$ cat protein22.csv   # CSV, C-alpha atoms
chain,number,residue,atom,x,y,z
A,296,MET,CA,-2.8,100.7,-117.8
A,297,ALA,CA,-2.1,97.1,-116.7
A,298,VAL,CA,-3.5,95.7,-119.9
A,299,THR,CA,-1.6,98.0,-122.2
A,300,SER,CA,1.7,97.4,-120.3
A,301,THR,CA,1.2,93.6,-120.4
A,302,PHE,CA,0.6,93.3,-124.1
A,303,THR,CA,3.4,95.8,-124.8
A,304,THR,CA,6.1,94.3,-122.6
A,305,GLY,CA,5.0,90.8,-123.4
A,306,ALA,CA,4.9,91.5,-127.1
A,307,ALA,CA,1.4,89.9,-127.1
A,308,ARG,CA,-1.8,90.4,-129.0
A,309,ILE,CA,-4.6,92.2,-127.3
A,310,GLY,CA,-6.8,89.1,-127.5
A,311,GLU,CA,-4.2,87.1,-125.8
A,312,VAL,CA,-4.1,89.4,-122.8
A,313,SER,CA,-7.9,89.3,-122.6
A,314,GLY,CA,-7.7,85.5,-122.6
A,315,VAL,CA,-5.1,85.1,-119.8
A,316,ARG,CA,-6.2,83.2,-116.7
A,317,VAL,CA,-4.7,82.8,-113.2
A,318,ARG,CA,-3.2,79.4,-114.0
A,319,ASP,CA,-1.4,80.9,-117.0
A,320,ILE,CA,0.9,83.0,-114.8
A,321,ASP,CA,3.9,81.3,-113.1
A,322,THR,CA,4.8,83.8,-110.4
A,323,ASP,CA,7.8,81.8,-109.2
A,324,ASN,CA,9.6,82.4,-112.6
A,325,TRP,CA,7.4,85.1,-113.9
A,326,ILE,CA,6.5,83.3,-117.1
A,327,TRP,CA,3.2,83.7,-118.8
A,328,THR,CA,2.0,80.6,-120.7
A,329,VAL,CA,-0.1,82.0,-123.6
A,330,ARG,CA,-2.8,79.4,-124.3
A,331,ARG,CA,-5.8,81.3,-125.7
A,332,GLN,CA,-7.0,84.5,-127.2
A,333,THR,CA,-10.3,86.4,-127.2
A,334,THR,CA,-11.7,86.9,-130.6
A,335,PRO,CA,-15.0,88.1,-132.2
A,336,ALA,CA,-17.5,85.4,-133.2
A,337,GLN,CA,-21.2,85.1,-134.0
A,338,GLY,CA,-23.0,86.2,-130.9
A,339,GLY,CA,-20.1,88.1,-129.4
A,340,LEU,CA,-16.5,87.5,-128.1
A,341,VAL,CA,-15.2,84.0,-127.4
A,342,ASP,CA,-12.0,82.5,-126.2
A,343,LYS,CA,-10.2,80.1,-128.6
A,344,ALA,CA,-6.7,78.8,-129.3
A,345,THR,CA,-4.0,81.4,-130.1
A,346,LYS,CA,-3.3,82.4,-133.7
A,347,GLY,CA,-1.4,79.5,-135.2
A,348,LYS,CA,-2.7,77.3,-132.3
A,349,ARG,CA,0.7,77.5,-130.6
A,350,VAL,CA,1.0,77.5,-126.8
A,351,ARG,CA,4.1,79.6,-125.9
A,352,LYS,CA,5.9,81.1,-122.9
A,353,VAL,CA,6.5,84.8,-122.5
A,354,PRO,CA,8.8,86.3,-119.8
A,355,LEU,CA,7.2,89.1,-117.7
A,356,ILE,CA,9.7,91.8,-117.0
A,357,GLY,CA,10.2,93.4,-113.6
A,358,GLU,CA,8.2,96.6,-114.4
A,359,VAL,CA,5.0,94.7,-115.2
A,360,ARG,CA,5.1,92.2,-112.4
A,361,PRO,CA,3.6,94.4,-109.7
A,362,MET,CA,0.6,95.2,-111.9
A,363,VAL,CA,0.1,91.5,-112.8
A,364,ALA,CA,0.5,90.5,-109.1
A,365,GLN,CA,-2.1,93.1,-108.1
A,366,ARG,CA,-4.6,91.7,-110.6
A,367,LEU,CA,-3.9,88.1,-109.3
A,368,LEU,CA,-4.7,89.2,-105.8
A,369,ALA,CA,-7.8,91.0,-106.9
A,370,VAL,CA,-9.3,88.0,-108.7
A,371,GLY,CA,-8.5,85.4,-106.1
A,372,ASN,CA,-7.4,81.8,-106.2
A,373,ASP,CA,-9.6,80.3,-108.9
A,374,PRO,CA,-7.2,79.0,-111.5
A,375,ASP,CA,-9.7,79.7,-114.3
A,376,ALA,CA,-10.4,83.3,-113.3
A,377,ARG,CA,-9.8,85.9,-115.9
A,378,ILE,CA,-7.1,88.3,-114.9
A,379,PHE,CA,-8.1,91.2,-117.1
A,380,PHE,CA,-11.6,92.2,-118.1
A,381,GLY,CA,-13.5,95.2,-119.5
A,382,PRO,CA,-15.2,98.0,-117.5
A,383,ARG,CA,-18.4,96.0,-117.3
A,384,GLY,CA,-16.7,92.7,-116.4
A,385,GLY,CA,-16.7,91.2,-119.9
A,386,ARG,CA,-13.9,90.2,-122.3
A,387,ILE,CA,-11.6,92.8,-123.6
A,388,SER,CA,-11.7,93.7,-127.3
A,389,THR,CA,-9.7,96.1,-129.3
A,390,ALA,CA,-12.7,98.5,-129.2
A,391,VAL,CA,-13.1,98.2,-125.5
A,392,LEU,CA,-9.3,98.9,-125.0
A,393,ARG,CA,-9.5,101.9,-127.3
A,394,ASP,CA,-12.4,103.4,-125.4
A,395,ALA,CA,-11.2,102.6,-121.9
A,396,THR,CA,-7.7,104.2,-122.6
A,397,HIS,CA,-9.0,107.1,-124.7
A,398,TRP,CA,-6.6,105.8,-127.3
A,399,ASP,CA,-7.5,108.1,-130.1
A,400,ALA,CA,-7.3,111.3,-128.0
A,401,VAL,CA,-4.1,110.3,-126.4
A,402,VAL,CA,-2.1,109.4,-129.5
A,403,THR,CA,-3.4,112.5,-131.3
A,404,GLU,CA,-2.3,114.7,-128.4
A,405,LEU,CA,1.1,113.0,-128.5
A,406,GLY,CA,1.4,113.5,-132.3
A,407,PHE,CA,1.2,109.8,-133.1
A,408,GLU,CA,-2.1,109.8,-134.8
A,409,HIS,CA,-1.2,106.8,-137.0
A,410,LEU,CA,-0.1,104.6,-134.1
A,411,ARG,CA,-2.1,101.4,-133.9
A,412,ARG,CA,-2.6,99.3,-130.8
A,413,HIS,CA,-0.9,96.4,-132.5
A,414,ASP,CA,2.2,98.5,-133.0
A,415,LEU,CA,2.9,98.1,-129.3
A,416,ARG,CA,3.5,94.4,-130.0
A,417,HIS,CA,6.3,95.5,-132.4
A,418,THR,CA,7.6,97.7,-129.6
A,419,GLY,CA,7.7,94.9,-127.1
A,420,LEU,CA,9.7,92.6,-129.5
A,421,THR,CA,12.1,95.5,-130.2
A,422,TRP,CA,12.7,96.0,-126.5
A,423,PHE,CA,13.5,92.3,-126.1
A,424,ALA,CA,15.9,92.5,-129.1
A,425,ASP,CA,17.6,95.6,-127.8
A,426,ALA,CA,18.1,93.7,-124.5
A,427,GLY,CA,20.0,91.0,-126.4
A,428,VAL,CA,17.3,88.3,-126.7
A,429,PRO,CA,18.2,86.1,-129.7
A,430,LEU,CA,16.1,86.2,-132.8
A,431,HIS,CA,15.0,82.6,-132.6
A,432,VAL,CA,13.8,83.2,-129.0
A,433,LEU,CA,11.9,86.3,-130.1
A,434,ARG,CA,10.1,84.1,-132.6
A,435,LYS,CA,9.0,81.8,-129.8
A,436,ILE,CA,7.9,84.7,-127.6
A,437,ALA,CA,5.9,86.2,-130.5
A,438,GLY,CA,4.4,82.9,-131.6
A,439,HIS,CA,5.5,83.4,-135.2
A,440,GLY,CA,5.7,80.6,-137.6
A,441,SER,CA,8.9,81.8,-139.2
A,442,LEU,CA,11.9,84.1,-138.4
A,443,THR,CA,11.1,86.1,-141.5
A,444,THR,CA,7.9,87.3,-139.8
A,445,THR,CA,9.8,88.2,-136.6
A,446,GLN,CA,12.4,90.1,-138.7
A,447,ARG,CA,9.6,92.2,-140.2
A,448,TYR,CA,8.4,93.2,-136.8
A,449,LEU,CA,11.9,94.4,-135.9
A,450,THR,CA,13.0,96.1,-139.1
A,451,SER,CA,9.6,97.9,-139.6
A,452,THR,CA,9.9,99.8,-136.3
A,453,PRO,CA,10.8,103.4,-137.1
A,454,ALA,CA,12.4,104.0,-133.7
A,455,ARG,CA,14.9,101.1,-133.7
A,456,SER,CA,18.5,101.9,-134.0
A,457,PRO,CA,20.1,101.7,-137.5
A,458,ALA,CA,23.0,99.7,-136.1
A,459,LEU,CA,20.6,97.0,-134.7
A,460,THR,CA,18.6,96.9,-137.9
A,461,ALA,CA,21.7,96.1,-139.9
A,462,LEU,CA,22.5,93.2,-137.6
A,463,VAL,CA,19.2,91.3,-138.2
A,464,PRO,CA,20.1,88.0,-139.9
A,465,LYS,CA,19.0,87.5,-143.5
A,466,ASN,CA,18.3,83.8,-143.2
A,467,ASP,CA,15.5,81.8,-141.7
A,468,GLN,CA,17.7,79.0,-140.1
A,469,GLY,CA,17.7,80.0,-136.5
A,470,ALA,CA,20.5,82.5,-136.6
A,471,VAL,CA,20.6,84.8,-133.5
A,472,LEU,CA,20.5,88.5,-133.4
A,473,ASP,CA,23.9,90.0,-132.4
A,474,CYS,CA,23.3,92.9,-130.1
A,475,SER,CA,27.0,93.3,-129.1
A,476,LYS,CA,27.0,96.8,-130.6
A,477,THR,CA,24.2,98.0,-128.4
A,478,ALA,CA,24.1,98.4,-124.6
A,479,PRO,CA,21.9,95.8,-123.0
A,480,ASP,CA,18.8,97.2,-121.3
A,481,PRO,CA,19.1,96.5,-117.5
A,482,ARG,CA,15.4,96.3,-117.2
A,483,LEU,CA,15.4,93.1,-119.2
A,484,SER,CA,18.6,91.6,-117.8
A,485,ARG,CA,16.8,88.6,-116.3
A,486,VAL,CA,15.1,87.6,-119.6
A,487,GLY,CA,16.9,84.5,-120.8
A,488,THR,CA,16.2,81.5,-123.0
A,489,THR,CA,15.0,79.2,-120.2
A,490,GLY,CA,11.9,77.4,-121.2
A,491,PHE,CA,12.3,78.1,-124.9
A,492,GLU,CA,13.4,75.6,-127.6
A,493,PRO,CA,17.0,76.1,-128.9
A,494,ALA,CA,17.5,77.2,-132.5
A,495,THR,CA,17.5,74.3,-134.9
A,496,PRO,CA,20.8,73.8,-136.7
$ encode --input "protein22.csv" --output "structure tokens"
Amino acid sequence: MAVTSTFTTGAARIGEVSGVRVRDIDTDNWIWTVRRQTTPAQGGLVDKATKGKRVRKVPLIGEVRPMVAQRLLAVGNDPDARIFFGPRGGRISTAVLRDATHWDAVVTELGFEHLRRHDLRHTGLTWFADAGVPLHVLRKIAGHGSLTTTQRYLTSTPARSPALTALVPKNDQGAVLDCSKTAPDPRLSRVGTTGFEPATP
């Protein structure tokens, strides 16, 4: 549950959640510095730099903080301790998450057979957008190289409101997403732009 919630609300990749260490979580400001990801390699799973080799900062919303705090307490004070791991203590892979959460059975029972685990990353970005987080900040949170990629994540989400989809800017010059026509989500009210680079003119 904690793993799924973290990569959804943080709009992160599963491998990035697997790679998070104690020192990556700033509990004063509840910011996660994403530095690495777990990925398949010869001989098994290894940790390496994130996709695009970009270190980025992701705000952790209120609902996920107690779960992350519980994991931090469980693993102790070692700054290099892994916060999340598989049932046998190893790194988490997509397959491990699928089996541990009974993913296939759950999504089938809910009628979402085609839902992929990566789709939850789209969901997380959409929640941030619906809360009024600017598009150029969403790009930083997601670790995308361009705003065009971030726009695809937002507009390809079936559940997003037509009004919000129509407001997604058509350029790649750092324009922000105007969410004035949608009510801000109070759960994300503390998510701001602190720690993120401003849009380039």
$ residues_around --input "protein22.csv" --residues "Val315 (chain A)" --least-positions-apart "3" --cutoff "10 Å" --atoms "all atoms listed in the file" --output "VMD selection string"
chain A and resid 310 to 312 318 to 320 327 to 333 342 375 to 380
$ residues_around --input "protein22.csv" --residues "Ala306 (chain A)" --least-positions-apart "5" --cutoff "8 Å" --atoms "all atoms listed in the file" --output "ChimeraX atom specification"
/A:301,415-420,436-437
$ write_last_selection --input "protein22.csv" --atoms "C-alpha atoms" --output "PDB file, in the frame of the given file"
ATOM      1  CA  THR A 301       1.200  93.600-120.400  1.00  0.00           C
ATOM      2  CA  LEU A 415       2.900  98.100-129.300  1.00  0.00           C
ATOM      3  CA  ARG A 416       3.500  94.400-130.000  1.00  0.00           C
ATOM      4  CA  HIS A 417       6.300  95.500-132.400  1.00  0.00           C
ATOM      5  CA  THR A 418       7.600  97.700-129.600  1.00  0.00           C
ATOM      6  CA  GLY A 419       7.700  94.900-127.100  1.00  0.00           C
ATOM      7  CA  LEU A 420       9.700  92.600-129.500  1.00  0.00           C
ATOM      8  CA  ILE A 436       7.900  84.700-127.600  1.00  0.00           C
ATOM      9  CA  ALA A 437       5.900  86.200-130.500  1.00  0.00           C
TER      10      ALA A 437
END
$ atom_distance --input "protein22.csv" --atom1 "CA of Asp399 (chain A)" --atom2 "CA of Lys343 (chain A)"
28.2 Å
$ atom_distance --input "protein22.csv" --atom1 "CA of His431 (chain A)" --atom2 "CA of Thr445 (chain A)"
8.6 Å
$ atom_distance --input "protein22.csv" --atom1 "CA of Arg386 (chain A)" --atom2 "CA of Gly338 (chain A)"
13.1 Å
$ closest_residue --input "protein22.csv" --among "A:Gly440, A:Pro361, A:Gly427, A:Gly385" --to "Gly339 (chain A)" --atoms "all atoms listed in the file"
A:Gly385
$ residues_near_point --input "protein22.csv" --point "(8.6, 90.5, -119.6)" --cutoff "6 Å" --atoms "only C-alpha atoms" --output "number ranges by chain"
A: 304-305, 354-356
$ closest_residue --input "protein22.csv" --among "A:Ala400, A:Val350, A:Ala390, A:Leu410" --to "Ile309 (chain A)" --atoms "only C-alpha atoms"
A:Ala390
